[in-house]
Structure formats: C-alpha cells, structure tokens
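Participant: Contents of target09.cif (mmCIF, C-alpha atoms (C1' of nucleotides) and all ligand atoms) are given next:
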```
data_run
loop_
_atom_site.label_atom_id
_atom_site.label_comp_id
_atom_site.auth_asym_id
_atom_site.auth_seq_id
_atom_site.Cartn_x
_atom_site.Cartn_y
_atom_site.Cartn_z
CA MET A 1 -43.36 50.38 -23.52
CA SER A 2 -41.87 53.72 -24.40
CA CYS A 3 -40.73 56.05 -21.63
CA LEU A 4 -42.98 58.83 -22.89
CA ALA A 5 -46.03 56.57 -22.93
CA THR A 6 -45.22 55.53 -19.37
CA LEU A 7 -44.97 59.16 -18.34
CA LYS A 8 -48.37 59.91 -19.84
CA GLU A 9 -49.96 56.84 -18.30
CA ASN A 10 -48.82 57.95 -14.89
CA GLY A 11 -50.15 61.45 -15.27
CA PHE A 12 -46.88 63.21 -16.02
CA LYS A 13 -46.71 65.90 -18.66
CA ILE A 14 -44.74 65.50 -21.86
CA THR A 15 -42.29 68.40 -21.97
CA PRO A 16 -39.61 69.05 -24.60
CA GLN A 17 -36.94 68.43 -21.93
CA ARG A 18 -38.42 65.01 -21.15
CA LYS A 19 -38.69 64.15 -24.84
CA LEU A 20 -34.99 64.84 -25.30
CA ILE A 21 -33.99 62.60 -22.41
CA ALA A 22 -36.33 59.79 -23.39
CA ASP A 23 -35.24 59.86 -27.02
CA PHE A 24 -31.60 59.77 -25.97
CA PHE A 25 -32.18 56.63 -23.92
CA HIS A 26 -34.09 55.10 -26.77
CA ASP A 27 -31.27 55.73 -29.24
CA ALA A 28 -28.47 54.74 -26.85
CA GLU A 29 -26.76 51.42 -27.45
CA SER A 30 -25.78 51.02 -23.83
CA HIS A 31 -25.87 52.80 -20.47
CA LEU A 32 -25.29 56.52 -20.12
CA THR A 33 -23.60 58.69 -17.55
CA ALA A 34 -25.29 61.78 -16.13
CA GLU A 35 -22.57 63.81 -17.82
CA GLU A 36 -23.42 62.36 -21.23
CA ILE A 37 -27.12 62.96 -20.75
CA ILE A 38 -26.60 66.56 -19.68
CA ALA A 39 -24.24 67.19 -22.60
CA HIS A 40 -26.73 65.75 -25.06
CA VAL A 41 -29.65 67.77 -23.73
CA HIS A 42 -27.61 70.97 -23.73
CA GLU A 43 -26.56 70.35 -27.31
CA LYS A 44 -30.15 70.19 -28.47
CA MET A 45 -31.56 72.76 -26.05
CA PRO A 46 -28.86 74.88 -24.42
CA GLY A 47 -30.83 76.56 -21.64
CA VAL A 48 -32.01 73.45 -19.80
CA ASN A 49 -31.13 73.48 -16.13
CA LYS A 50 -29.28 70.55 -14.60
CA SER A 51 -31.85 70.25 -11.82
CA THR A 52 -34.54 69.64 -14.43
CA ILE A 53 -32.48 66.83 -15.90
CA TYR A 54 -31.72 65.20 -12.56
CA ARG A 55 -35.35 65.46 -11.47
CA ASN A 56 -36.50 63.81 -14.67
CA LEU A 57 -33.94 61.05 -14.40
CA ASP A 58 -35.34 60.36 -10.93
CA ILE A 59 -38.85 60.20 -12.35
CA PHE A 60 -37.82 57.79 -15.10
CA GLU A 61 -36.08 55.71 -12.48
CA HIS A 62 -39.13 55.54 -10.21
CA LEU A 63 -41.35 54.67 -13.14
CA GLY A 64 -39.03 51.77 -13.92
CA CYS A 65 -37.96 53.10 -17.33
CA VAL A 66 -34.39 53.54 -16.23
CA LEU A 67 -32.01 51.94 -13.74
CA LYS A 68 -29.55 54.04 -11.77
CA SER A 69 -26.41 52.25 -10.58
CA GLU A 70 -23.52 53.45 -8.52
CA SER A 71 -20.28 52.12 -7.19
CA GLY A 72 -18.02 54.64 -5.55
CA ASP A 73 -18.04 57.72 -7.70
CA ARG A 74 -19.53 56.10 -10.80
CA VAL A 75 -23.16 56.79 -11.65
CA ILE A 76 -24.71 55.10 -14.63
CA TYR A 77 -28.19 55.27 -16.10
CA HIS A 78 -29.39 52.28 -18.00
CA HIS A 79 -32.47 51.98 -20.21
CA THR A 80 -34.34 48.98 -18.82
CA GLU A 81 -35.49 47.84 -22.26
CA GLU A 82 -31.89 46.85 -23.00
CA GLY A 83 -31.99 43.95 -20.56
CA HIS A 84 -29.97 43.51 -17.41
CA HIS A 85 -26.37 42.75 -16.62
CA HIS A 86 -23.65 43.74 -14.19
CA HIS A 87 -20.36 45.48 -14.86
CA LEU A 88 -16.90 44.39 -13.79
CA VAL A 89 -14.62 47.40 -13.73
CA CYS A 90 -10.88 47.00 -13.15
CA VAL A 91 -9.66 49.56 -10.63
CA LYS A 92 -6.18 49.58 -12.17
CA CYS A 93 -6.64 49.72 -15.94
CA GLY A 94 -10.26 50.87 -16.03
CA LYS A 95 -11.30 48.08 -18.40
CA SER A 96 -14.95 47.13 -18.07
CA MET A 97 -16.79 43.96 -18.99
CA ASP A 98 -20.36 42.83 -18.70
CA CYS A 99 -21.40 40.00 -16.47
CA ASP A 100 -24.40 37.69 -16.24
CA GLU A 101 -27.39 39.08 -14.36
CA MET A 102 -27.71 35.84 -12.32
CA LEU A 103 -24.45 36.51 -10.47
CA PHE A 104 -26.04 37.55 -7.19
CA ARG A 105 -28.81 34.95 -7.07
CA PRO A 106 -27.03 32.87 -4.37
CA VAL A 107 -26.60 35.98 -2.25
CA GLU A 108 -30.22 36.97 -2.71
CA LYS A 109 -31.28 33.47 -1.62
CA THR A 110 -29.05 33.47 1.44
CA LEU A 111 -30.37 36.86 2.51
CA ARG A 112 -33.96 35.72 2.05
CA ASP A 113 -33.51 32.38 3.84
CA LYS A 114 -31.19 33.31 6.69
CA TYR A 115 -31.94 36.97 7.29
CA ASN A 116 -35.53 37.39 6.04
CA PHE A 117 -34.21 40.24 3.97
CA ARG A 118 -35.28 40.87 0.36
CA VAL A 119 -32.82 42.29 -2.11
CA ASP A 120 -32.87 42.50 -5.86
CA PHE A 121 -29.39 43.13 -7.20
CA LYS A 122 -29.86 44.93 -10.48
CA HIS A 123 -27.13 46.23 -12.72
CA GLN A 124 -24.33 46.42 -10.16
CA VAL A 125 -21.03 48.08 -10.93
CA ILE A 126 -18.35 45.93 -9.33
CA SER A 127 -14.79 47.16 -8.79
CA GLY A 128 -11.93 44.70 -8.73
CA LEU A 129 -8.87 43.52 -10.64
CA CYS A 130 -8.84 42.03 -14.11
CA GLU A 131 -6.58 39.05 -14.89
CA ASN A 132 -3.74 41.15 -16.32
CA CYS A 133 -3.67 43.67 -13.52
CA TYR A 134 -3.93 40.94 -10.89
CA LYS A 135 -0.86 39.14 -12.26
CA GLN A 136 1.25 42.28 -12.39
CA PRO A 137 2.26 43.48 -8.93
CA MET B 1 -1.95 47.72 16.02
CA SER B 2 -3.05 51.20 16.95
CA CYS B 3 -3.82 53.67 14.19
CA LEU B 4 -1.29 56.15 15.59
CA ALA B 5 1.47 53.53 15.67
CA THR B 6 0.66 52.66 12.07
CA LEU B 7 0.89 56.31 11.11
CA LYS B 8 4.29 56.62 12.74
CA GLU B 9 5.57 53.41 11.18
CA ASN B 10 4.67 54.70 7.76
CA GLY B 11 6.41 58.02 8.26
CA PHE B 12 3.35 60.14 8.95
CA LYS B 13 3.42 62.79 11.64
CA ILE B 14 1.30 62.59 14.76
CA THR B 15 -0.79 65.75 14.84
CA PRO B 16 -3.48 66.69 17.39
CA GLN B 17 -6.09 66.42 14.63
CA ARG B 18 -5.00 62.87 13.82
CA LYS B 19 -4.98 61.93 17.50
CA LEU B 20 -8.58 63.07 17.85
CA ILE B 21 -9.74 61.00 14.89
CA ALA B 22 -7.77 57.89 15.89
CA ASP B 23 -8.99 58.05 19.49
CA PHE B 24 -12.55 58.43 18.32
CA PHE B 25 -12.28 55.28 16.22
CA HIS B 26 -10.68 53.47 19.12
CA ASP B 27 -13.49 54.42 21.49
CA ALA B 28 -16.29 53.81 18.99
CA GLU B 29 -18.40 50.71 19.48
CA SER B 30 -19.28 50.48 15.82
CA HIS B 31 -18.86 52.28 12.49
CA LEU B 32 -18.98 56.05 12.21
CA THR B 33 -20.32 58.42 9.63
CA ALA B 34 -18.21 61.30 8.30
CA GLU B 35 -20.74 63.62 9.94
CA GLU B 36 -20.18 62.05 13.36
CA ILE B 37 -16.43 62.21 13.01
CA ILE B 38 -16.46 65.86 11.97
CA ALA B 39 -18.84 66.73 14.82
CA HIS B 40 -16.63 64.98 17.34
CA VAL B 41 -13.46 66.65 16.13
CA HIS B 42 -15.11 70.07 16.13
CA GLU B 43 -16.35 69.54 19.66
CA LYS B 44 -12.84 68.93 20.94
CA MET B 45 -11.05 71.33 18.60
CA PRO B 46 -13.40 73.79 16.92
CA GLY B 47 -11.15 75.25 14.23
CA VAL B 48 -10.30 72.05 12.38
CA ASN B 49 -11.03 72.20 8.67
CA LYS B 50 -13.16 69.53 7.05
CA SER B 51 -10.54 68.97 4.37
CA THR B 52 -8.05 68.02 7.06
CA ILE B 53 -10.49 65.46 8.40
CA TYR B 54 -11.31 63.97 5.00
CA ARG B 55 -7.63 63.82 4.05
CA ASN B 56 -6.81 62.00 7.27
CA LEU B 57 -9.69 59.58 6.84
CA ASP B 58 -8.26 58.78 3.40
CA ILE B 59 -4.85 58.16 4.94
CA PHE B 60 -6.27 55.85 7.61
CA GLU B 61 -8.15 54.03 4.89
CA HIS B 62 -5.06 53.54 2.71
CA LEU B 63 -3.06 52.36 5.70
CA GLY B 64 -5.73 49.76 6.33
CA CYS B 65 -6.77 51.15 9.73
CA VAL B 66 -10.23 52.02 8.51
CA LEU B 67 -12.69 50.78 5.90
CA LYS B 68 -14.81 53.19 3.91
CA SER B 69 -18.12 51.85 2.61
CA GLU B 70 -20.81 53.44 0.53
CA SER B 71 -24.20 52.56 -0.81
CA GLY B 72 -26.10 55.34 -2.47
CA ASP B 73 -25.69 58.39 -0.30
CA ARG B 74 -24.47 56.57 2.80
CA VAL B 75 -20.78 56.75 3.70
CA ILE B 76 -19.55 54.81 6.67
CA TYR B 77 -16.11 54.51 8.25
CA HIS B 78 -15.37 51.37 10.12
CA HIS B 79 -12.44 50.65 12.41
CA THR B 80 -10.88 47.47 11.01
CA GLU B 81 -10.00 46.14 14.46
CA GLU B 82 -13.70 45.58 15.08
CA GLY B 83 -13.83 42.74 12.59
CA HIS B 84 -15.78 42.59 9.35
CA HIS B 85 -19.41 42.30 8.49
CA HIS B 86 -21.96 43.62 6.02
CA HIS B 87 -25.01 45.75 6.69
CA LEU B 88 -28.57 45.10 5.62
CA VAL B 89 -30.48 48.37 5.58
CA CYS B 90 -34.24 48.44 4.99
CA VAL B 91 -35.13 51.13 2.48
CA LYS B 92 -38.59 51.58 4.02
CA CYS B 93 -38.10 51.67 7.78
CA GLY B 94 -34.37 52.36 7.87
CA LYS B 95 -33.69 49.47 10.24
CA SER B 96 -30.19 48.06 9.90
CA MET B 97 -28.75 44.68 10.82
CA ASP B 98 -25.35 43.12 10.54
CA CYS B 99 -24.66 40.19 8.29
CA ASP B 100 -21.95 37.55 8.06
CA GLU B 101 -18.82 38.56 6.19
CA MET B 102 -18.87 35.30 4.15
CA LEU B 103 -22.01 36.38 2.30
CA PHE B 104 -20.32 37.23 -0.98
CA ARG B 105 -17.87 34.30 -1.10
CA PRO B 106 -19.90 32.46 -3.79
CA VAL B 107 -19.96 35.59 -5.90
CA GLU B 108 -16.23 36.12 -5.45
CA LYS B 109 -15.61 32.53 -6.53
CA THR B 110 -17.82 32.79 -9.61
CA LEU B 111 -16.11 36.00 -10.67
CA ARG B 112 -12.69 34.43 -10.23
CA ASP B 113 -13.54 31.16 -12.01
CA LYS B 114 -15.74 32.37 -14.86
CA TYR B 115 -14.55 35.91 -15.45
CA ASN B 116 -10.93 35.88 -14.20
CA PHE B 117 -11.89 38.89 -12.13
CA ARG B 118 -10.75 39.38 -8.52
CA VAL B 119 -13.02 41.08 -6.05
CA ASP B 120 -12.94 41.30 -2.29
CA PHE B 121 -16.31 42.36 -0.95
CA LYS B 122 -15.64 44.09 2.35
CA HIS B 123 -18.22 45.70 4.58
CA GLN B 124 -20.95 46.23 2.01
CA VAL B 125 -24.03 48.28 2.77
CA ILE B 126 -26.94 46.46 1.17
CA SER B 127 -30.32 48.10 0.62
CA GLY B 128 -33.47 46.02 0.58
CA LEU B 129 -36.66 45.20 2.48
CA CYS B 130 -36.86 43.74 5.95
CA GLU B 131 -39.46 41.07 6.72
CA ASN B 132 -42.02 43.50 8.16
CA CYS B 133 -41.78 46.01 5.36
CA TYR B 134 -41.85 43.27 2.73
CA LYS B 135 -45.13 41.87 4.10
CA GLN B 136 -46.82 45.26 4.24
CA PRO B 137 -47.68 46.60 0.77
"C1'" DT C 1 -60.04 78.24 -29.32
"C1'" DG C 2 -59.43 80.19 -24.84
"C1'" DT C 3 -58.74 79.73 -19.99
"C1'" DA C 4 -57.76 77.78 -15.30
"C1'" DT C 5 -54.67 75.33 -12.81
"C1'" DA C 6 -51.58 72.04 -11.28
"C1'" DA C 7 -47.25 70.36 -12.85
"C1'" DT C 8 -42.83 71.64 -14.44
"C1'" DT C 9 -39.04 74.51 -15.09
"C1'" DG C 10 -35.19 77.76 -14.02
"C1'" DC C 11 -32.85 79.89 -10.59
"C1'" DA C 12 -30.09 80.53 -6.67
"C1'" DA C 13 -28.52 78.72 -2.86
"C1'" DC C 14 -27.00 74.63 -0.57
"C1'" DC C 15 -24.60 70.09 0.56
"C1'" DG C 16 -20.86 66.61 1.21
"C1'" DG C 17 -16.73 65.88 -0.34
"C1'" DG C 18 -12.29 67.09 -2.79
"C1'" DT C 19 -8.07 70.11 -4.47
"C1'" DG C 20 -4.18 73.65 -5.16
"C1'" DC C 21 -1.64 76.58 -2.72
"C1'" DA C 22 0.32 79.53 0.93
"C1'" DT C 23 1.14 79.20 5.91
"C1'" DT C 24 2.15 76.60 9.90
"C1'" DT C 25 4.03 72.79 12.49
"C1'" DA C 26 6.08 68.17 13.95
"C1'" DC C 27 10.18 66.19 14.38
"C1'" DG C 28 15.01 64.59 13.13
"C1'" DA C 29 19.45 66.52 13.14
"C1'" DT C 30 22.55 69.45 15.29
"C1'" DA D 1 17.23 73.71 23.21
"C1'" DT D 2 17.34 75.40 18.43
"C1'" DC D 3 16.81 75.01 13.78
"C1'" DG D 4 15.70 73.43 8.96
"C1'" DT D 5 12.68 71.09 6.30
"C1'" DA D 6 9.26 68.21 4.63
"C1'" DA D 7 4.69 67.27 5.85
"C1'" DA D 8 0.27 68.83 7.42
"C1'" DT D 9 -3.12 72.28 7.96
"C1'" DG D 10 -6.41 76.02 6.77
"C1'" DC D 11 -8.35 78.49 3.29
"C1'" DA D 12 -10.78 79.45 -0.72
"C1'" DC D 13 -12.68 77.55 -4.28
"C1'" DC D 14 -14.43 73.69 -7.22
"C1'" DC D 15 -17.57 69.78 -8.37
"C1'" DG D 16 -21.76 66.79 -9.00
"C1'" DG D 17 -25.91 66.50 -7.30
"C1'" DT D 18 -30.19 68.34 -4.53
"C1'" DT D 19 -33.84 71.57 -2.81
"C1'" DG D 20 -37.27 75.55 -2.03
"C1'" DC D 21 -39.51 78.78 -4.39
"C1'" DA D 22 -41.27 81.94 -7.91
"C1'" DA D 23 -42.17 82.09 -12.90
"C1'" DT D 24 -43.66 79.39 -16.79
"C1'" DT D 25 -46.20 75.93 -19.41
"C1'" DA D 26 -48.79 71.52 -20.78
"C1'" DT D 27 -53.05 69.93 -20.55
"C1'" DA D 28 -58.02 69.16 -19.31
"C1'" DC D 29 -62.09 71.29 -19.85
"C1'" DA D 30 -65.49 75.05 -21.09
ZN ZN A 201 -25.04 48.62 -18.27
ZN ZN A 202 -7.07 45.81 -15.25
ZN ZN A 203 -20.05 48.27 10.21
ZN ZN A 204 -38.17 47.71 7.12
#
```
Would you mind giving the structure from this file in structure tokens?

Facilitator:
Amino acid sequence: MSCLATLKENGFKITPQRKLIADFFHDAESHLTAEEIIAHVHEKMPGVNKSTIYRNLDIFEHLGCVLKSESGDRVIYHHTEEGHHHHLVCVKCGKSMDCDEMLFRPVEKTLRDKYNFRVDFKHQVISGLCENCYKQP
Amino acid sequence: MSCLATLKENGFKITPQRKLIADFFHDAESHLTAEEIIAHVHEKMPGVNKSTIYRNLDIFEHLGCVLKSESGDRVIYHHTEEGHHHHLVCVKCGKSMDCDEMLFRPVEKTLRDKYNFRVDFKHQVISGLCENCYKQP
DNA sequence: TGTATAATTGCAACCGGGTGCATTTACGAT
DNA sequence: ATCGTAAATGCACCCGGTTGCAATTATACA
C-alpha cells in the first residue's frame, strides 16, 4: 500500500511536504540518506524546514512505510516495499554490498530460546573488512 | 595493563584530565556513558572542556583500553579489562541484561564463508522486547 | 462554499558530539 | 633546575538531529 494511503488511513493529513517525501521514496531505486531526502525536498520546495522532514520520516517509520537503520554515523531510510536485506560496508574502502535478510535468524533464535528476548533484525548496516582490504595489511 | 601505562608506552602524555578518566574506568564496576564520564570529570576538575574528554575517550578507544558501543542514541564506553559481553535492552521497559559474547559467532562465520567479509561483533547493544513486555500487548 | 478546529508547519533554541586554531603544559634534553 | 618543543587543552564554532511553541493549514462538517 502507498505511503500516502497509509497516512490517510491512520488519520494523518496529506500535506505537500509529505507528498514530496512519499513520492521520493516511491521513485527511489534503493535506500536514501536523510541528506538526500532533505536535498530533494528543498529542490522542489525550498522553504521546508528540516524539522518537518525529520518528523515526517519518523511518522513514516512508525507506520511501517519506511525502515530507519543506523550503524555508527550512518543513517539510512529504506522504503519497505523494496524488500529487506542487510548491508556489509567495508570500513577501509567504503565498498558496500547487500546481504541476505536471513543472516541473523540464528541469533534471533538463540536470544528467544536462551534469553527470552525478542529481536527482529531488519536492514542492519554492518561494518567490517572486505576480502581485498582484509588481505592488505 | 593499566590505561595510563598504555598511554605512556604509546608516547602520549599523562595529563590530570587523562588520569581522571582512566581512574574512573578503573573504579567503574561496569560500562559508563559519556554523560557519566563528563559529570565525574567536572566534579573533580570543573573547568575541563568536553572536547578534551571526547578526544581522550577516542584515544583510549584506539589504544584498545576502552570499547565504544552504540545502538540508536545510546553510547556506552566499556573498560576492556572487564571482559566482553553484549547487552539486551528492552525498548518498552528499558530493562537491560548482559548476554554471552559468543552470540554473533554464527553470523561472523556466515559472513566470512559466504560473503568473504570479516566482522568482529564486540559489545553490541541490542534493542528488543523482554519476556514480560512481549507478553503484554 | 464557508467555517471551526485539531494537526502540521516553521522557527528558534537546544543537544551530544566533533573540529581548527591559538594558548598552555608535560616532559626529555641540557 | 631550566628550557625548548611537541602534544594537549580550552575555546569558539560547526553539524545533524530534536523539541516547545506560536502561526498556519488540511479537512470534516454545517
Ligand atoms: Zn538498503
Ligand atoms: Zn574494503
Ligand atoms: Zn557493557
Ligand atoms: Zn521490557
């Protein structure tokens, strides 16, 4: 379901600012950074305040339209309609690759069975070393 | 080895500000937040600038005396002499429990074998639901 | 279509953390 | 003990993100 429809269904108003953000997610091929989203909104509608954008990203997140992921200083927003995956980011060369969403299933099971603790690892950004950078000292 | 000895060995100077931070880690039972560290330093030596404290925490981290962990808005510093573990933090009630450091070994192995990607998960702060909060809707 | 009103926005100030630069200080050499 | 110097500190400012509040606006309803 579209982000705007979800907004409406949950009693939120459809504002031009929200339309811009929702459309941008809809058109995006992949995840977006806050910076990219702000730049896009400002391009189409220069006056929009950053707090408006952040507040709306929070709303989309809580409605389940968008996933927010962070690892260290990275923050990524990810349209949930795209499907799920994790990211492997090399701390040396910066290269990034996608990774199967099942990766953390064993951890989730261990936490549930041994610790009675429920976790759902969604769209993690994982820092480490790629093959090349690992081989080179 | 003591944090101060490590500083000296690596050519860093022993300043009163660094002594305060190192002693605080040494006396601490468990991990510390940046807030707690700043408060402690200010108590003993009111004029110290926050940038001095953050810079020194970075140095201790790079020397391996201290681990810095983050999950969302939480930042925790952890004296490495205490041993390693992960934290399970309930997003509803805030309760926190420690968790075995081996937890992510299967994930590390999968990443190495299938993706040629090296990760060392140290002292993660994991958000989820504890048993009580999971049962209650 | 016009109006009432609650939701949303813009603003200004704030927060934790980080940085460039001038001043101060720890410490090795004398 | 003094001194020279590189390293460390304090300061002032920056940055991304957040918050309280007054002004604006989308919408439900008359
Ligand atoms: Zn993604
Ligand atoms: Zn790499
Ligand atoms: Zn800890
Ligand atoms: Zn709980």

Participant: Enumerate as a list in words the residues belonging to chain C that approach chain B to within 10 Å, with all atoms listed in the file taken into account.

Facilitator: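 Matching residues, ligands excluded from the count: DG16, DG17, DG18, DT19, DT25, DA26 and DC27 of chain C.
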
Participant: Calculate how many Å separate C1' of DC11 (chain C) from C1' of DA26 (chain D), rounding to one decimal.

Facilitator: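 A separation of 20.7 Å between them.
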
Participant: Under the rule that only C-alpha atoms are counted, which of A:Thr6, A:Gln124, A:Gln17, A:Ser30 is the nearest residue to chain B?

Facilitator: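 Of the candidates, the smallest distance to chain B is held by A:Gln124.
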
Participant: Which of these residues is nearest to chain D, using all atoms listed in the file: A:Glu29, A:Asp100, A:Glu43, A:Asp58?

Facilitator: A:Asp58

Participant: Tell me as a PyMOL selection string which residues belonging to chain D come within 9 Å of chain A, counting all atoms listed in the file.

Facilitator: chain D and resi 17-18+25-27

Participant: Would you mind listing, for every residue of chain B within 12 Å of chain A, the two atoms forming the shortest contact and the distance between them in Å to one decimal, using only C-alpha atoms, sorted by chain and ascending residue number, as a tab-separated table?

Facilitator:
```
residue	atom	partner	partner_atom	distance
B:Lys68	CA	A:Gly72	CA	10.1
B:Ser69	CA	A:Gly72	CA	8.6
B:Glu70	CA	A:Gly72	CA	6.8
B:Ser71	CA	A:Ser71	CA	7.5
B:Gly72	CA	A:Glu70	CA	6.8
B:Asp73	CA	A:Glu70	CA	9.8
B:Arg74	CA	A:Gly72	CA	10.7
B:Val75	CA	A:Gly72	CA	9.9
B:His86	CA	A:Leu111	CA	11.3
B:His87	CA	A:Phe117	CA	11.1
B:Leu88	CA	A:Phe117	CA	7.6
B:Val89	CA	A:Phe117	CA	9.1
B:Cys90	CA	A:Phe117	CA	8.3
B:Val91	CA	A:Val119	CA	10.2
B:Lys92	CA	A:Arg118	CA	11.8
B:Lys95	CA	A:Phe117	CA	11.2
B:Ser96	CA	A:Phe117	CA	10.6
B:Met97	CA	A:Tyr115	CA	9.1
B:Asp98	CA	A:Tyr115	CA	9.6
B:Cys99	CA	A:Tyr115	CA	8.0
B:Asp100	CA	A:Tyr115	CA	10.0
B:Glu101	CA	A:Val107	CA	11.8
B:Met102	CA	A:Val107	CA	10.1
B:Leu103	CA	A:Val107	CA	6.5
B:Phe104	CA	A:Val107	CA	6.5
B:Arg105	CA	A:Val107	CA	9.0
B:Pro106	CA	A:Pro106	CA	7.2
B:Val107	CA	A:Leu103	CA	6.5
B:Glu108	CA	A:Leu103	CA	9.6
B:Lys109	CA	A:Leu103	CA	10.5
B:Thr110	CA	A:Leu103	CA	7.7
B:Leu111	CA	A:Leu103	CA	8.4
B:Arg112	CA	A:Glu131	CA	9.0
B:Asp113	CA	A:Glu131	CA	10.9
B:Lys114	CA	A:Cys99	CA	9.6
B:Tyr115	CA	A:Cys99	CA	8.0
B:Asn116	CA	A:Glu131	CA	5.4
B:Phe117	CA	A:Cys130	CA	4.8
B:Arg118	CA	A:Leu129	CA	5.0
B:Val119	CA	A:Gly128	CA	4.6
B:Asp120	CA	A:Gly128	CA	7.4
B:Phe121	CA	A:Gly128	CA	9.2
B:Lys122	CA	A:Ser127	CA	11.6
B:Gln124	CA	A:Ser71	CA	10.9
B:Val125	CA	A:Ser71	CA	11.3
B:Ile126	CA	A:Val119	CA	7.9
B:Ser127	CA	A:Val119	CA	6.9
B:Gly128	CA	A:Val119	CA	4.6
B:Leu129	CA	A:Arg118	CA	5.0
B:Cys130	CA	A:Phe117	CA	4.8
B:Glu131	CA	A:Asn116	CA	5.4
B:Asn132	CA	A:Asn116	CA	9.2
B:Cys133	CA	A:Phe117	CA	9.6
B:Tyr134	CA	A:Arg118	CA	7.4
B:Lys135	CA	A:Arg118	CA	10.6
```

Participant: Could you tell me how far CA of Ile76 (chain B) lies from CA of Ala28 (chain B), in Å and to one decimal?

Facilitator: 12.8 Å

Participant: To one decimal place in Å, what is the distance between CA of Pro46 (chain A) and C1' of DC15 (chain D)?

Facilitator: 20.3 Å

Participant: Near DC21 (chain C), within 12 Å and counting all atoms listed in the file, which residues show up once chain neighbours fewer than 5 positions away are dropped, as a list in words?

Facilitator: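 That gives DT9, DG10, DC11, DA12 and DC13 of chain D.
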
Participant: Could you give me, as number ranges by chain, the residues within 9 Å of Phe24 (chain A), counting only C-alpha atoms (C1' of nucleotides) and dropping anything in the same chain fewer than 3 positions from it?

Facilitator: A: 19-21, 27-28, 37, 40-41

Participant: Take the structure in the block and write a file for region 5-18 of chain D, N, CA, C and O atoms (P, O5', C5', C4', C3', O3' and C1' of nucleotides), as a CSV table (one decimal), in the first residue's frame.

Facilitator:
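out.csv was written with the following content:
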```
chain,number,residue,atom,x,y,z
D,5,DT,P,63.2,24.7,20.2
D,5,DT,O5',62.1,23.6,20.4
D,5,DT,C5',62.5,22.2,20.6
D,5,DT,C4',61.2,21.3,20.7
D,5,DT,C3',60.1,21.7,19.7
D,5,DT,O3',59.6,20.5,19.2
D,5,DT,C1',59.2,21.8,21.9
D,6,DA,P,58.8,20.5,17.8
D,6,DA,O5',58.2,19.0,17.8
D,6,DA,C5',58.6,18.0,18.7
D,6,DA,C4',57.4,17.5,19.5
D,6,DA,C3',56.2,17.3,18.7
D,6,DA,O3',55.6,16.1,19.2
D,6,DA,C1',55.7,18.8,20.5
D,7,DA,P,54.3,15.5,18.7
D,7,DA,O5',53.3,15.6,19.9
D,7,DA,C5',53.8,15.2,21.2
D,7,DA,C4',52.8,15.5,22.3
D,7,DA,C3',51.4,15.2,21.9
D,7,DA,O3',50.8,14.7,23.1
D,7,DA,C1',51.5,17.5,22.4
D,8,DA,P,49.4,14.1,23.2
D,8,DA,O5',48.6,15.2,24.0
D,8,DA,C5',49.1,15.6,25.3
D,8,DA,C4',48.2,16.7,25.8
D,8,DA,C3',46.7,16.5,25.7
D,8,DA,O3',46.1,16.6,27.0
D,8,DA,C1',47.3,18.6,24.8
D,9,DT,P,44.6,16.6,27.2
D,9,DT,O5',44.3,18.2,27.2
D,9,DT,C5',44.8,19.0,28.3
D,9,DT,C4',44.4,20.4,28.1
D,9,DT,C3',42.9,20.6,28.1
D,9,DT,O3',42.6,21.5,29.2
D,9,DT,C1',43.9,21.7,26.3
D,10,DG,P,41.1,21.8,29.7
D,10,DG,O5',40.8,23.1,28.8
D,10,DG,C5',41.5,24.3,29.1
D,10,DG,C4',41.1,25.5,28.2
D,10,DG,C3',39.6,25.7,28.2
D,10,DG,O3',39.5,27.2,28.3
D,10,DG,C1',40.3,25.3,26.0
D,11,DC,P,38.1,27.9,28.5
D,11,DC,O5',37.7,28.5,27.0
D,11,DC,C5',38.7,29.2,26.3
D,11,DC,C4',38.3,29.4,24.9
D,11,DC,C3',36.8,29.6,24.7
D,11,DC,O3',36.6,30.8,23.9
D,11,DC,C1',37.6,28.0,23.2
D,12,DA,P,35.2,31.5,23.9
D,12,DA,O5',35.0,31.9,22.3
D,12,DA,C5',36.1,31.7,21.4
D,12,DA,C4',35.5,31.2,20.1
D,12,DA,C3',34.0,31.4,19.9
D,12,DA,O3',33.8,31.7,18.6
D,12,DA,C1',34.5,29.1,19.7
D,13,DC,P,32.3,32.2,18.1
D,13,DC,O5',32.0,31.3,16.8
D,13,DC,C5',33.1,30.8,16.0
D,13,DC,C4',32.8,29.4,15.6
D,13,DC,C3',31.4,29.2,15.1
D,13,DC,O3',31.4,28.9,13.7
D,13,DC,C1',32.1,27.4,16.4
D,14,DC,P,30.1,28.8,12.8
D,14,DC,O5',30.0,27.3,12.5
D,14,DC,C5',31.1,26.7,11.8
D,14,DC,C4',31.0,25.2,11.8
D,14,DC,C3',29.6,24.7,11.3
D,14,DC,O3',29.9,23.8,10.2
D,14,DC,C1',30.1,23.7,13.4
D,15,DC,P,28.6,23.6,9.1
D,15,DC,O5',28.1,22.2,9.7
D,15,DC,C5',29.0,21.1,9.8
D,15,DC,C4',28.2,20.0,10.5
D,15,DC,C3',26.8,19.9,10.0
D,15,DC,O3',26.6,18.7,9.3
D,15,DC,C1',27.0,19.7,12.4
D,16,DG,P,25.3,18.5,8.4
D,16,DG,O5',24.5,17.4,9.3
D,16,DG,C5',25.1,16.1,9.6
D,16,DG,C4',24.3,15.4,10.6
D,16,DG,C3',22.8,15.3,10.2
D,16,DG,O3',22.4,14.0,10.6
D,16,DG,C1',22.9,16.5,12.2
D,17,DG,P,20.9,13.4,10.2
D,17,DG,O5',20.1,13.6,11.5
D,17,DG,C5',20.5,13.0,12.7
D,17,DG,C4',19.8,13.7,13.9
D,17,DG,C3',18.3,13.7,13.8
D,17,DG,O3',17.8,12.9,14.9
D,17,DG,C1',19.2,15.8,14.6
D,18,DT,P,16.2,12.9,15.1
D,18,DT,O5',15.9,14.0,16.3
D,18,DT,C5',16.7,13.9,17.5
D,18,DT,C4',16.1,14.9,18.5
D,18,DT,C3',14.6,14.9,18.6
D,18,DT,O3',14.3,14.8,20.0
D,18,DT,C1',15.3,17.1,18.2
```
